[in-house]
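With mmCIF, C-alpha atoms inside, this is model-v1.cif:
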data_input
loop_
_atom_site.group_PDB
_atom_site.id
_atom_site.type_symbol
_atom_site.label_atom_id
_atom_site.label_comp_id
_atom_site.auth_asym_id
_atom_site.auth_seq_id
_atom_site.Cartn_x
_atom_site.Cartn_y
_atom_site.Cartn_z
ATOM 1 C CA MET S 1 102.353 46.216 85.662
ATOM 2 C CA PHE S 2 100.739 48.109 88.516
ATOM 3 C CA ASN S 3 103.978 48.913 90.371
ATOM 4 C CA ARG S 4 104.465 52.112 88.428
ATOM 5 C CA ALA S 5 100.819 53.056 88.873
ATOM 6 C CA VAL S 6 100.951 52.545 92.644
ATOM 7 C CA SER S 7 104.113 54.611 92.924
ATOM 8 C CA ARG S 8 102.452 57.355 90.931
ATOM 9 C CA LEU S 9 99.384 57.199 93.156
ATOM 10 C CA SER S 10 101.617 57.600 96.182
ATOM 11 C CA ARG S 11 102.841 60.851 94.640
ATOM 12 C CA LYS S 12 99.230 62.081 94.757
ATOM 13 C CA ARG S 13 98.608 61.714 91.048
ATOM 14 C CA PRO S 14 95.055 60.757 90.245
ATOM 15 C CA PRO S 15 94.605 57.394 88.501
ATOM 16 C CA SER S 16 93.259 59.227 85.477
ATOM 17 C CA GLU S 17 96.771 60.585 84.937
ATOM 18 C CA ILE S 18 98.344 57.140 84.828
ATOM 19 C CA ASN S 19 99.765 56.843 81.363
ATOM 20 C CA GLU S 20 97.960 54.367 79.139
ATOM 21 C CA ASN S 21 101.363 52.901 78.350
ATOM 22 C CA ASP S 22 101.612 51.739 81.970
ATOM 23 C CA SER S 23 99.594 48.739 80.845
ATOM 24 C CA LYS S 24 102.044 46.565 78.993
ATOM 25 C CA PRO S 25 101.284 46.582 75.305
ATOM 26 C CA GLY S 26 100.036 43.156 74.505
ATOM 27 C CA SER S 27 98.412 41.482 71.638
ATOM 28 C CA SER S 28 94.715 41.123 72.115
ATOM 29 C CA HIS S 29 94.843 38.457 69.398
ATOM 30 C CA GLN S 30 95.406 35.267 71.348
ATOM 31 C CA SER S 31 93.641 31.982 70.598
ATOM 32 C CA LEU S 32 90.416 33.992 70.659
ATOM 33 C CA ASN S 33 90.266 37.608 69.555
ATOM 34 C CA GLY S 34 90.596 40.109 72.382
ATOM 35 C CA THR S 35 87.008 41.269 72.437
ATOM 36 C CA THR S 36 85.677 37.731 72.063
ATOM 37 C CA ARG S 37 87.867 36.591 74.924
ATOM 38 C CA TRP S 38 86.937 39.614 77.068
ATOM 39 C CA ALA S 39 83.261 38.882 76.545
ATOM 40 C CA THR S 40 83.602 35.359 77.976
ATOM 41 C CA SER S 41 84.439 36.561 81.504
ATOM 42 C CA LEU S 42 85.659 39.489 83.536
ATOM 43 C CA GLU S 43 88.608 37.312 84.563
ATOM 44 C CA ASN S 44 89.696 37.001 80.914
ATOM 45 C CA LEU S 45 89.370 40.741 80.433
ATOM 46 C CA LEU S 46 91.505 41.415 83.522
ATOM 47 C CA GLU S 47 94.230 39.027 82.292
ATOM 48 C CA ASP S 48 94.750 41.058 79.115
ATOM 49 C CA PRO S 49 96.624 44.383 79.417
ATOM 50 C CA GLU S 50 94.665 45.756 76.448
ATOM 51 C CA GLY S 51 91.421 44.613 78.069
ATOM 52 C CA ILE S 52 92.351 46.389 81.297
ATOM 53 C CA LYS S 53 93.200 49.532 79.360
ATOM 54 C CA ARG S 54 89.835 49.552 77.555
ATOM 55 C CA PHE S 55 87.871 48.673 80.686
ATOM 56 C CA ARG S 56 89.617 51.498 82.553
ATOM 57 C CA GLU S 57 88.681 53.936 79.788
ATOM 58 C CA PHE S 58 85.069 52.829 80.120
ATOM 59 C CA LEU S 59 85.082 53.033 83.931
ATOM 60 C CA LYS S 60 86.661 56.479 83.781
ATOM 61 C CA LYS S 61 83.655 57.678 81.775
ATOM 62 C CA GLU S 62 81.387 56.106 84.400
ATOM 63 C CA PHE S 63 83.349 57.736 87.247
ATOM 64 C CA SER S 64 84.244 54.366 88.738
ATOM 65 C CA GLU S 65 87.810 53.778 87.547
ATOM 66 C CA GLU S 66 88.882 53.444 91.189
ATOM 67 C CA ASN S 67 87.308 49.977 91.269
ATOM 68 C CA VAL S 68 89.653 48.431 88.720
ATOM 69 C CA LEU S 69 92.615 50.384 90.115
ATOM 70 C CA PHE S 70 91.894 49.017 93.593
ATOM 71 C CA TRP S 71 91.535 45.481 92.227
ATOM 72 C CA LEU S 72 94.854 45.811 90.368
ATOM 73 C CA ALA S 73 96.582 47.254 93.446
ATOM 74 C CA CYS S 74 95.370 44.280 95.508
ATOM 75 C CA GLU S 75 96.619 41.823 92.882
ATOM 76 C CA GLU S 76 100.027 43.495 92.943
ATOM 77 C CA PHE S 77 99.989 43.560 96.752
ATOM 78 C CA LYS S 78 99.460 39.775 96.889
ATOM 79 C CA LYS S 79 102.726 39.302 94.979
ATOM 80 C CA THR S 80 104.706 41.252 97.586
ATOM 81 C CA GLN S 81 107.022 39.135 99.723
ATOM 82 C CA ASP S 82 109.185 41.679 101.541
ATOM 83 C CA LYS S 83 107.557 42.728 104.848
ATOM 84 C CA ASN S 84 108.684 46.355 104.556
ATOM 85 C CA GLN S 85 107.375 46.610 100.988
ATOM 86 C CA MET S 86 104.154 44.934 102.088
ATOM 87 C CA GLN S 87 103.670 47.487 104.856
ATOM 88 C CA LYS S 88 104.366 50.355 102.451
ATOM 89 C CA LYS S 89 101.972 49.012 99.795
ATOM 90 C CA ALA S 90 99.275 48.256 102.386
ATOM 91 C CA ASN S 91 99.449 51.856 103.597
ATOM 92 C CA GLU S 92 99.300 53.161 100.015
ATOM 93 C CA ILE S 93 96.244 51.038 99.231
ATOM 94 C CA TYR S 94 94.550 52.068 102.457
ATOM 95 C CA MET S 95 95.241 55.779 102.013
ATOM 96 C CA THR S 96 94.366 55.793 98.305
ATOM 97 C CA PHE S 97 91.246 53.624 98.280
ATOM 98 C CA LEU S 98 89.908 52.789 101.756
ATOM 99 C CA SER S 99 90.480 55.612 104.209
ATOM 100 C CA SER S 100 87.658 58.039 104.901
ATOM 101 C CA LYS S 101 89.997 60.655 103.384
ATOM 102 C CA ALA S 102 90.958 58.515 100.379
ATOM 103 C CA SER S 103 91.316 60.392 97.122
ATOM 104 C CA PHE S 104 89.878 57.454 95.126
ATOM 105 C CA GLN S 105 87.647 55.806 97.664
ATOM 106 C CA VAL S 106 86.042 52.527 96.608
ATOM 107 C CA ASN S 107 82.453 51.771 97.521
ATOM 108 C CA VAL S 108 82.557 48.844 99.943
ATOM 109 C CA GLU S 109 80.123 47.883 102.659
ATOM 110 C CA GLY S 110 80.734 49.860 105.851
ATOM 111 C CA GLN S 111 81.296 46.822 108.081
ATOM 112 C CA SER S 112 83.859 45.527 105.585
ATOM 113 C CA ARG S 113 86.059 48.599 105.833
ATOM 114 C CA LEU S 114 89.412 47.913 107.382
ATOM 115 C CA ASP S 115 90.388 49.529 110.611
ATOM 116 C CA GLU S 116 93.671 51.392 110.240
ATOM 117 C CA SER S 117 95.199 49.281 113.026
ATOM 118 C CA ILE S 118 95.338 46.262 110.673
ATOM 119 C CA LEU S 119 98.084 48.074 108.755
ATOM 120 C CA GLU S 120 100.516 47.416 111.613
ATOM 121 C CA GLU S 121 100.697 43.687 110.767
ATOM 122 C CA PRO S 122 99.968 43.386 107.040
ATOM 123 C CA HIS S 123 99.435 39.993 105.441
ATOM 124 C CA ILE S 124 98.934 38.890 101.841
ATOM 125 C CA LEU S 125 95.164 38.336 102.108
ATOM 126 C CA MET S 126 94.295 41.368 104.230
ATOM 127 C CA PHE S 127 92.430 43.059 101.367
ATOM 128 C CA GLN S 128 90.897 39.878 99.914
ATOM 129 C CA LYS S 129 87.337 40.360 101.222
ATOM 130 C CA LEU S 130 87.232 43.945 99.956
ATOM 131 C CA GLN S 131 88.831 42.976 96.649
ATOM 132 C CA ASP S 132 86.181 40.268 96.205
ATOM 133 C CA GLN S 133 83.434 42.824 96.878
ATOM 134 C CA ILE S 134 84.841 45.185 94.262
ATOM 135 C CA PHE S 135 85.323 42.342 91.786
ATOM 136 C CA ASN S 136 81.677 41.321 92.207
ATOM 137 C CA LEU S 137 80.562 44.928 91.899
ATOM 138 C CA MET S 138 82.438 45.190 88.597
ATOM 139 C CA LYS S 139 81.321 41.755 87.395
ATOM 140 C CA TYR S 140 77.614 42.229 88.019
ATOM 141 C CA ASP S 141 77.396 45.932 87.272
ATOM 142 C CA SER S 142 79.969 47.760 85.168
ATOM 143 C CA TYR S 143 81.315 44.733 83.232
ATOM 144 C CA SER S 144 77.893 43.945 81.746
ATOM 145 C CA ARG S 145 77.457 47.605 80.789
ATOM 146 C CA PHE S 146 80.946 47.602 79.263
ATOM 147 C CA LEU S 147 79.988 44.658 77.012
ATOM 148 C CA LYS S 148 76.952 46.630 75.791
ATOM 149 C CA SER S 149 78.805 49.931 75.416
ATOM 150 C CA ASP S 150 79.497 51.635 72.109
ATOM 151 C CA MET S 151 83.202 51.528 72.966
ATOM 152 C CA PHE S 152 83.253 47.716 73.251
ATOM 153 C CA LEU S 153 80.952 47.141 70.280
ATOM 154 C CA LYS S 154 83.117 49.350 68.045
ATOM 155 C CA LEU S 155 86.269 47.500 69.142
ATOM 156 C CA LYS S 156 84.571 44.179 68.420
ATOM 157 C CA GLN S 157 83.395 45.363 64.999
ATOM 158 C CA THR S 158 86.882 46.659 64.105
ATOM 159 C CA GLU S 159 88.427 43.363 65.181
ATOM 160 C CA GLU S 160 85.932 41.376 63.108
ATOM 161 C CA GLN S 161 86.612 43.549 60.058
ATOM 162 C CA GLU S 162 90.362 43.020 60.468
ATOM 163 C CA ASP S 163 89.855 39.259 60.725
ATOM 164 C CA ASN S 164 87.738 39.230 57.578
ATOM 165 C CA SER S 165 90.076 41.426 55.553
ATOM 166 C CA PRO S 166 91.629 39.958 52.396
ATOM 167 C CA ASP S 167 95.086 40.249 53.975
ATOM 168 C CA ALA S 168 94.010 38.172 56.986
ATOM 169 C CA GLN S 169 92.423 35.556 54.721
ATOM 170 C CA THR S 170 95.539 35.407 52.534
ATOM 171 C CA ALA S 171 97.758 34.993 55.585
ATOM 172 C CA ALA S 172 95.501 32.212 56.850
ATOM 173 C CA LYS S 173 95.671 30.454 53.472
ATOM 174 C CA ARG S 174 99.474 30.774 53.431
ATOM 175 C CA ALA S 175 99.702 29.353 56.926
ATOM 176 C CA SER S 176 97.358 26.554 55.954
ATOM 177 C CA ARG S 177 99.535 25.646 52.969
ATOM 178 C CA ILE S 178 102.685 25.697 55.114
ATOM 179 C CA TYR S 179 101.272 23.453 57.826
ATOM 180 C CA ASN S 180 99.451 21.092 55.495
ATOM 181 C CA THR S 181 102.481 20.197 53.364
#

Can you dump the structure from the file as structure tokens?
Amino acid sequence: MFNRAVSRLSRKRPPSEINENDSKPGSSHQSLNGTTRWATSLENLLEDPEGIKRFREFLKKEFSEENVLFWLACEEFKKTQDKNQMQKKANEIYMTFLSSKASFQVNVEGQSRLDESILEEPHILMFQKLQDQIFNLMKYDSYSRFLKSDMFLKLKQTEEQEDNSPDAQTAAKRASRIYNT
């Protein structure tokens, strides 16, 4: 999912120009409705491509989209197995989010910043401490504001209206008849 976004970032495109279609279109109607599921935890929101898309839109308005982009880049980095690819991705993450000259610098504690020398021997968990900091920043700050935002509340209301529509009720009754026979 984030591979295309990282490659675009490496071409000096700001994250705001990453096409919304870069998040895989997914159904936000799983066992729980998307917004209901998103409201249960930040983890659930970040597991849903539609949730990520909406959260990014919200963070963009708050001028903190770099937080979720950094978190996503770290998640993608942890899946990297090839040493050369790992080195390349580590450099991209460092230059995009952590360097003093980073175009989308994340706000992490000064003593937690990585020294550039660590990039010479990258390892899967090299960004973990920083990723955890950013996750907690999102969880205890922007995520709670997202759940109270007009954007989220309108999505939730629209979802509830769709679930209560006559078509949805008819489909549920049809399904009930099929499974109960």

Item to check | Output of the PyMOL selection byres ((chain S and resi 146) around 12), listed as JSON, numbers by chain | outcome: {"S": [35, 38, 39, 41, 42, 45, 51, 52, 54, 55, 56, 57, 58, 59, 60, 61, 62, 138, 139, 140, 141, 142, 143, 144, 145, 147, 148, 149, 150, 151, 152, 153, 154, 155, 156]}

Checklist outcome for this item: From the list S:Leu98, S:Leu46, S:Cys74, S:Val68, the nearest residue to Ile124 in chain S using all atoms listed in the file is S:Cys74

Item to check | Point-to-point distance in Å for CA of Lys79 in chain S and CA of Glu116 in chain S | outcome: 21.5 Å

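Going from CA of Gln85 in chain S to CA of Leu130 in chain S covers 20.3 Å.
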
So for range 129-137 of chain S, what box centre and size do we get, axis-aligned, 4 Å extra on each of the six sides, every listed atom, Å to one decimal, as lines of an AutoDock Vina configuration file?
center_x = 84.7
center_y = 42.7
center_z = 96.5
size_x = 16.3
size_y = 12.9
size_z = 17.4

Item to check | Among the residues S:Val108, S:Ile118, S:Ile93, S:Ala102, the one that comes closest to Phe77 in chain S [using only C-alpha atoms] | outcome: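 That would be S:Ile93, the residue with the smallest distance to Phe77 in chain S.
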
Checklist entry - Mind pulling up the distance from CA of Glu66 in chain S to CA of Lys101 in chain S? => result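 So the two atoms, CA of Lys101 in chain S and CA of Glu66 in chain S, lie 14.2 Å apart.
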
Next on the checklist: Show me, as an MDAnalysis selection string, the residues that have an atom within 12 Å of Ser117 in chain S when counting all atoms listed in the file, minus same-chain residues fewer than 6 positions from it.
Outcome noted: chainID S and resid 87 90:91 94 99 126

Item to check | Proximity to Asn84 in chain S - best of S:Val106, S:Asp132, S:Leu119, S:Gly34, only C-alpha atoms | outcome: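 Using only C-alpha atoms, the shortest distance to Asn84 in chain S belongs to S:Leu119.
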
Checklist entry - Care to translate the PyMOL selection byres ((chain S and resi 129) around 12) into actual residues of this file, as a PyMOL selection string? => result chain S and resi 71+74+108-109+111-114+124-128+130-136
